[in-house]
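The block underneath contains the structure these notes are about, expressed in structure tokens.
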Amino acid sequence: MGSVLKRAGWLFLALLFVGTGLGVGVVAFWQAIHQKKDTPITSNTTPAGPKLKGTQLSDFTPMAKIDSLQTIETQPSDGAEAKPNSTVTVNYTGAVAATGTIFESSLDSGQPATFGLNQVIKCWTEGVQRMKVGGKARLTCPADIAYGERGAGGVIPPNATLLFEVELLGINGK
């Protein structure tokens with residue numbers, strides 16, 4: 001009987017140890033040191049895709065202000081063109097031009113965005129019309145055709161020039 005109680009006591013102490021923060025920390029440490037060397041312990045990706053929000057846009061030159069919409073085609077295409085009232089499906093990443101900090105990306109959710117060009121900021125209405133389905137472009141938007149003096153959502157400052165990397169995936173199901 002004494003050995004059964006002794007074993008039960010040790011089992012209780014073992015469960016208590018594992019259930020505490022110290023036990024969890026020891027187990028995590030053991031797993032980390034026994035993990036394969038080429039396997040990262042942490043990652044900034046999820047099943048939906050990379051997490052871009054809050055990171056820096058690659059290959060950009062910081063700029064404070066521009067006077068008009070600039071469109072740089074980064075992947076040409078000969079697909080269909082959007083009209084001002086078209087509904088489009090895109091992948092996009094938006095960043096503040098002064099810092100390159102990404103404030104939103106459809107790639108974070110793993111789902112493209114679909115919207116009417118007559119329902120978005122003027123920069124998008126004008127810029128996406130310059131693109132063709134299957135193409136990619138970088139839109140540089142002056143504040144007056146983006147979010148202007150009000151900014152947006154606490155992540156886009158007032159009077160900010162914005163950069164959008166856009167891939168036009170489709171127009172009204174085309």
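We label chains A, B, ... in the order they appear in the structure tokens, count residues from 1 in each chain, and number ligands from 1 in the order shown.
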
- Query: Can you tell me, as a PyMOL selection string, what residues are no more than 12 Å from Trp124 (chain A) when counting only C-alpha atoms, ignoring any on the same chain fewer than 2 positions away?
  - Reply: chain A and resi 69-71+82-88+90+92+94+115-122+126-131+137-142+145-147+162-166+168

- Message: Counting only C-alpha atoms, which residue out of A:Asn159, A:Thr89, A:Thr61, A:Thr114 sits closest to Thr101 (chain A)?
- Response: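 Among the listed residues, the smallest separation from Thr101 (chain A) belongs to A:Thr61.
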
- Query: DSSP on the backbone: what in region 47-137 of chain A comes out strand (DSSP E), as a list in words?
  - Reply: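 DSSP on the backbone gives strand (DSSP E) at Gly49, Pro50, Gln70, Thr71, Ile72, Glu73, Thr74, Gln75, Thr87, Val88, Thr89, Val90, Asn91, Tyr92, Thr93, Gly94, Ala95, Val96, Ile102, Phe103, Glu104, Ser105, Ala113, Thr114, Phe115, Gly116, Lys136 and Ala137 of chain A.
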
- Tell me which protein, DNA and RNA residues are within 7 Å of region 62-64 of chain A, counting only C-alpha atoms, leaving out same-chain ones fewer than 6 positions away, and put them as a PyMOL selection string. chain A and resi 97-100+161

Please, could you write that set of residues out with N, CA and C atoms as a PDB file, in the first residue's frame?
ATOM      1  N   ALA A  97       4.144  56.071 -48.123  1.00  0.00           N
ATOM      2  CA  ALA A  97       5.321  56.330 -48.963  1.00  0.00           C
ATOM      3  C   ALA A  97       6.498  56.938 -48.199  1.00  0.00           C
ATOM      4  N   ALA A  98       6.225  57.683 -47.153  1.00  0.00           N
ATOM      5  CA  ALA A  98       7.316  58.324 -46.405  1.00  0.00           C
ATOM      6  C   ALA A  98       8.163  57.314 -45.630  1.00  0.00           C
ATOM      7  N   THR A  99       7.541  56.195 -45.217  1.00  0.00           N
ATOM      8  CA  THR A  99       8.252  55.222 -44.390  1.00  0.00           C
ATOM      9  C   THR A  99       8.362  53.833 -45.016  1.00  0.00           C
ATOM     10  N   GLY A 100       7.453  53.541 -45.951  1.00  0.00           N
ATOM     11  CA  GLY A 100       7.406  52.207 -46.535  1.00  0.00           C
ATOM     12  C   GLY A 100       6.696  51.203 -45.649  1.00  0.00           C
ATOM     13  N   THR A 161       1.196  60.528 -48.727  1.00  0.00           N
ATOM     14  CA  THR A 161       1.345  59.917 -50.042  1.00  0.00           C
ATOM     15  C   THR A 161       1.397  58.414 -49.793  1.00  0.00           C
TER      16      THR A 161
END

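The gap separating CA of Gly153 (chain A) from CA of Lys51 (chain A) is 18.8 Å, in Å to one decimal.
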